[in-house]
Amino acid sequence: MSAPADAEQHKQAVRDVFESVATGYDNPATRFFPFCAERLTDFVRPRPGSRVLDVATGSGAVAIPLAQAVGPQGRVHGIDISAAMLAQAEANARKMGLNNIDLHEMDAERLDFKADHFHHVVCSYGLFFLPDMAGALNEWARVLRPGGTLAFTCFEESAFEPMLEHFLQTLQAFGVTLPPGPIGAKRITSLHHCRELLAGAGLEQIQTQVAQMGYHLADENAWWEAIANTAMQGWLRQVEPARLDELRRAHLDHVASLKTADGLWMDVQTRFARGVKPAT
């Protein structure tokens, strides 16, 4: 299979997963999404009247605070590969009474926008899903105005541990073959890697920081809600349906042992990275 075909197959798999989790994506167990969105908006600090592109907008967690920040004279364009996620974003924007958000089903590596158009381009927890991260960043920089800011977030190595490691081990014990190398959200390996990616797209004045977006879950069942309503659910599709309950019990029995009097701590240590497109 050719590399382009591999990439398209990967994108279709990502689309399928997010189509299936869209209605549960705003689950209380995954409230790190809006937590991160607020911090990312502060990190970018868009001015009223700005034009902003939100890549992989999902259910609109980032688009909504951005739209509030840019005000009625500004505009936020949210793009996503999943129509079901965009439907959730539209419903959430309507619920908030916002009419300055435009939503588009679009490939994040091939944007249907003219060059030098947006004051800001942002992507929260989405860059690592793309087959060609460097190519995508070059495309985002293309549509960014000179002097504009490109910012993204990704997970630190500690995120979701130690539950995630046990989950992956349990999947393998139940016959799931995991790809070699850093998996999914851990494809971006460090702050240094973040800076390399931004510099490779021609951006300057690069800044990075790390912040904890985590919190205590009530119990192991809430952790399973996080699995079932995010991209982690995609791994469960490879398990024989008749064995899913057995896998769930095997994993959650272990996770329950990690609880304290405060509940179950879910680490969501997050990297924030931004760069500026040169003015000339």
# chains A, B, ... in the order shown; residues from 1 in each chain; ligands from 1
>>> select_by_dssp(residues="range 75-246 of chain A", states="strand (DSSP E or B)", output="PyMOL selection string")
chain A and resi 75-80+101-105+118-124+144-155+204-212+215-217
>>> closest_atom_pairs(of="range 144-246 of chain A", to="range 57-74 of chain A", cutoff="12 Å", atoms="only C-alpha atoms", output="JSON lines")
{"residue": "A:Ala151", "atom": "CA", "partner": "A:Val62", "partner_atom": "CA", "distance": 11.9}
{"residue": "A:Phe152", "atom": "CA", "partner": "A:Val62", "partner_atom": "CA", "distance": 11.1}
{"residue": "A:Thr153", "atom": "CA", "partner": "A:Val62", "partner_atom": "CA", "distance": 11.2}
{"residue": "A:Thr230", "atom": "CA", "partner": "A:Gly58", "partner_atom": "CA", "distance": 10.7}
{"residue": "A:Ala231", "atom": "CA", "partner": "A:Gly58", "partner_atom": "CA", "distance": 11.5}
>>> write_last_selection(atoms="N, CA and C atoms", output="PDB file, in the first residue's frame")
ATOM      1  N   ALA A 151      -0.783  28.187  17.548  1.00  0.00           N
ATOM      2  CA  ALA A 151      -0.609  27.540  18.856  1.00  0.00           C
ATOM      3  C   ALA A 151      -1.278  26.174  18.850  1.00  0.00           C
ATOM      4  N   PHE A 152      -0.656  25.231  19.562  1.00  0.00           N
ATOM      5  CA  PHE A 152      -1.265  23.911  19.715  1.00  0.00           C
ATOM      6  C   PHE A 152      -0.985  23.365  21.105  1.00  0.00           C
ATOM      7  N   THR A 153      -1.773  22.381  21.496  1.00  0.00           N
ATOM      8  CA  THR A 153      -1.546  21.666  22.747  1.00  0.00           C
ATOM      9  C   THR A 153      -1.366  20.184  22.453  1.00  0.00           C
ATOM     10  N   THR A 230     -13.626   9.015  24.199  1.00  0.00           N
ATOM     11  CA  THR A 230     -12.520   9.693  23.536  1.00  0.00           C
ATOM     12  C   THR A 230     -11.932   8.747  22.501  1.00  0.00           C
ATOM     13  N   ALA A 231     -10.840   9.176  21.874  1.00  0.00           N
ATOM     14  CA  ALA A 231     -10.212   8.351  20.841  1.00  0.00           C
ATOM     15  C   ALA A 231      -9.717   7.016  21.369  1.00  0.00           C
TER      16      ALA A 231
END
>>> closest_atom_pairs(of="range 76-176 of chain A", to="range 237-259 of chain A", cutoff="8 Å", atoms="only C-alpha atoms", output="Markdown table")
| residue | atom | partner | partner_atom | distance |
| --- | --- | --- | --- | --- |
| A:Met163 | CA | A:Val255 | CA | 6.4 |
| A:His166 | CA | A:His251 | CA | 7.0 |
| A:Phe167 | CA | A:His251 | CA | 6.2 |
| A:Thr170 | CA | A:His251 | CA | 6.5 |
| A:Leu171 | CA | A:Leu247 | CA | 7.5 |
| A:Phe174 | CA | A:Val239 | CA | 6.8 |
| A:Gly175 | CA | A:Val239 | CA | 7.0 |
| A:Val176 | CA | A:Gln238 | CA | 6.0 |
>>> closest_residue(among="A:Ser124, A:Thr270, A:Gln88, A:Asn100", to="Phe18 in chain A", atoms="only C-alpha atoms")
A:Gln88
>>> residues_around(residues="Asp54 in chain A", least_positions_apart="4", cutoff="7 Å", atoms="only C-alpha atoms", output="number ranges by chain")
A: 63, 77-79, 121-123
>>> select_by_dssp(residues="range 61-114 of chain A", states="helix (DSSP H, G or I)", output="list in words")
Ala63, Ile64, Pro65, Leu66, Ala67, Gln68, Ala69, Val70, Ala83, Ala84, Met85, Leu86, Ala87, Gln88, Ala89, Glu90, Ala91, Asn92, Ala93, Arg94 and Lys95 of chain A
>>> closest_residue(among="A:Ala141, A:Ala273, A:Ala222, A:Ala93", to="Gln207 in chain A", atoms="only C-alpha atoms")
A:Ala273
>>> residues_around(residues="His104 in chain A", least_positions_apart="3", cutoff="12 Å", atoms="only C-alpha atoms", output="ChimeraX atom specification")
/A:53-58,60,76-87,89-90,101,107-108,111-113
>>> write_last_selection(atoms="C-alpha atoms", output="mmCIF file, in the first residue's frame")
data_model
loop_
_atom_site.group_PDB
_atom_site.id
_atom_site.type_symbol
_atom_site.label_atom_id
_atom_site.label_comp_id
_atom_site.auth_asym_id
_atom_site.auth_seq_id
_atom_site.Cartn_x
_atom_site.Cartn_y
_atom_site.Cartn_z
ATOM 1 C CA LEU A 53 -9.047 29.124 12.807
ATOM 2 C CA ASP A 54 -9.674 26.268 15.251
ATOM 3 C CA VAL A 55 -8.321 23.041 13.744
ATOM 4 C CA ALA A 56 -9.879 19.760 14.935
ATOM 5 C CA THR A 57 -12.556 21.756 16.729
ATOM 6 C CA GLY A 58 -14.381 18.645 17.961
ATOM 7 C CA GLY A 60 -16.291 23.300 19.984
ATOM 8 C CA VAL A 76 -13.961 31.785 14.498
ATOM 9 C CA HIS A 77 -13.816 29.072 11.854
ATOM 10 C CA GLY A 78 -13.835 25.573 13.314
ATOM 11 C CA ILE A 79 -12.871 22.641 11.128
ATOM 12 C CA ASP A 80 -13.063 18.917 11.801
ATOM 13 C CA ILE A 81 -12.918 15.681 9.853
ATOM 14 C CA SER A 82 -16.041 14.373 11.617
ATOM 15 C CA ALA A 83 -19.498 15.617 10.697
ATOM 16 C CA ALA A 84 -20.912 14.222 13.942
ATOM 17 C CA MET A 85 -18.437 16.247 16.008
ATOM 18 C CA LEU A 86 -19.338 19.374 14.052
ATOM 19 C CA ALA A 87 -23.004 18.766 14.821
ATOM 20 C CA ALA A 89 -20.111 21.924 18.121
ATOM 21 C CA GLU A 90 -23.023 23.616 16.379
ATOM 22 C CA ILE A 101 -18.641 30.609 14.708
ATOM 23 C CA ASP A 107 -9.080 17.866 6.104
ATOM 24 C CA ALA A 108 -6.650 19.659 8.441
ATOM 25 C CA LEU A 111 -7.278 23.768 4.059
ATOM 26 C CA ASP A 112 -9.838 25.521 1.885
ATOM 27 C CA PHE A 113 -8.756 28.986 3.003
#
>>> closest_residue(among="A:Thr30, A:Gln233, A:Gln205, A:Asn221", to="Thr149 in chain A", atoms="only C-alpha atoms")
A:Gln205
>>> decode(residues="range 253-274 of chain A", atoms="N, CA and C atoms", output="PDB file, in the first residue's frame")
ATOM      1  N   ASP A 253     -10.576  -3.568  37.679  1.00  0.00           N
ATOM      2  CA  ASP A 253     -10.204  -4.128  38.981  1.00  0.00           C
ATOM      3  C   ASP A 253      -8.845  -3.584  39.411  1.00  0.00           C
ATOM      4  N   HIS A 254      -7.935  -3.443  38.454  1.00  0.00           N
ATOM      5  CA  HIS A 254      -6.617  -2.869  38.764  1.00  0.00           C
ATOM      6  C   HIS A 254      -6.738  -1.377  39.054  1.00  0.00           C
ATOM      7  N   VAL A 255      -7.471  -0.654  38.222  1.00  0.00           N
ATOM      8  CA  VAL A 255      -7.593   0.799  38.384  1.00  0.00           C
ATOM      9  C   VAL A 255      -8.222   1.133  39.732  1.00  0.00           C
ATOM     10  N   ALA A 256      -9.159   0.332  40.185  1.00  0.00           N
ATOM     11  CA  ALA A 256      -9.809   0.583  41.479  1.00  0.00           C
ATOM     12  C   ALA A 256      -8.793   0.599  42.614  1.00  0.00           C
ATOM     13  N   SER A 257      -7.721  -0.152  42.471  1.00  0.00           N
ATOM     14  CA  SER A 257      -6.707  -0.206  43.530  1.00  0.00           C
ATOM     15  C   SER A 257      -5.902   1.085  43.615  1.00  0.00           C
ATOM     16  N   LEU A 258      -6.029   1.953  42.618  1.00  0.00           N
ATOM     17  CA  LEU A 258      -5.283   3.213  42.602  1.00  0.00           C
ATOM     18  C   LEU A 258      -6.037   4.348  43.298  1.00  0.00           C
ATOM     19  N   LYS A 259      -7.266   4.118  43.678  1.00  0.00           N
ATOM     20  CA  LYS A 259      -8.070   5.160  44.315  1.00  0.00           C
ATOM     21  C   LYS A 259      -7.524   5.529  45.686  1.00  0.00           C
ATOM     22  N   THR A 260      -7.720   6.776  46.031  1.00  0.00           N
ATOM     23  CA  THR A 260      -7.403   7.271  47.372  1.00  0.00           C
ATOM     24  C   THR A 260      -8.682   7.834  47.983  1.00  0.00           C
ATOM     25  N   ALA A 261      -8.553   8.462  49.121  1.00  0.00           N
ATOM     26  CA  ALA A 261      -9.716   9.085  49.759  1.00  0.00           C
ATOM     27  C   ALA A 261     -10.287  10.208  48.903  1.00  0.00           C
ATOM     28  N   ASP A 262      -9.464  10.794  48.034  1.00  0.00           N
ATOM     29  CA  ASP A 262      -9.918  11.882  47.155  1.00  0.00           C
ATOM     30  C   ASP A 262     -10.540  11.371  45.866  1.00  0.00           C
ATOM     31  N   GLY A 263     -10.426  10.097  45.602  1.00  0.00           N
ATOM     32  CA  GLY A 263     -10.914   9.542  44.351  1.00  0.00           C
ATOM     33  C   GLY A 263      -9.764   9.017  43.514  1.00  0.00           C
ATOM     34  N   LEU A 264      -9.948   9.020  42.214  1.00  0.00           N
ATOM     35  CA  LEU A 264      -8.949   8.503  41.280  1.00  0.00           C
ATOM     36  C   LEU A 264      -8.329   9.673  40.523  1.00  0.00           C
ATOM     37  N   TRP A 265      -7.044   9.912  40.758  1.00  0.00           N
ATOM     38  CA  TRP A 265      -6.376  11.039  40.101  1.00  0.00           C
ATOM     39  C   TRP A 265      -6.140  10.722  38.629  1.00  0.00           C
ATOM     40  N   MET A 266      -6.580  11.642  37.753  1.00  0.00           N
ATOM     41  CA  MET A 266      -6.316  11.533  36.325  1.00  0.00           C
ATOM     42  C   MET A 266      -5.377  12.663  35.917  1.00  0.00           C
ATOM     43  N   ASP A 267      -4.136  12.309  35.667  1.00  0.00           N
ATOM     44  CA  ASP A 267      -3.129  13.257  35.221  1.00  0.00           C
ATOM     45  C   ASP A 267      -3.436  13.673  33.784  1.00  0.00           C
ATOM     46  N   VAL A 268      -3.512  14.988  33.545  1.00  0.00           N
ATOM     47  CA  VAL A 268      -3.677  15.503  32.185  1.00  0.00           C
ATOM     48  C   VAL A 268      -2.654  16.626  31.986  1.00  0.00           C
ATOM     49  N   GLN A 269      -1.410  16.302  32.293  1.00  0.00           N
ATOM     50  CA  GLN A 269      -0.333  17.267  32.100  1.00  0.00           C
ATOM     51  C   GLN A 269      -0.254  17.602  30.609  1.00  0.00           C
ATOM     52  N   THR A 270      -0.279  18.888  30.304  1.00  0.00           N
ATOM     53  CA  THR A 270      -0.452  19.333  28.918  1.00  0.00           C
ATOM     54  C   THR A 270       0.621  20.333  28.522  1.00  0.00           C
ATOM     55  N   ARG A 271       1.157  20.145  27.321  1.00  0.00           N
ATOM     56  CA  ARG A 271       2.103  21.099  26.755  1.00  0.00           C
ATOM     57  C   ARG A 271       1.347  22.126  25.915  1.00  0.00           C
ATOM     58  N   PHE A 272       1.744  23.387  26.045  1.00  0.00           N
ATOM     59  CA  PHE A 272       1.222  24.472  25.233  1.00  0.00           C
ATOM     60  C   PHE A 272       2.397  25.042  24.426  1.00  0.00           C
ATOM     61  N   ALA A 273       2.210  25.186  23.135  1.00  0.00           N
ATOM     62  CA  ALA A 273       3.289  25.688  22.281  1.00  0.00           C
ATOM     63  C   ALA A 273       2.727  26.698  21.292  1.00  0.00           C
ATOM     64  N   ARG A 274       3.471  27.774  21.061  1.00  0.00           N
ATOM     65  CA  ARG A 274       3.034  28.788  20.098  1.00  0.00           C
ATOM     66  C   ARG A 274       4.240  29.400  19.409  1.00  0.00           C
TER      67      ARG A 274
END
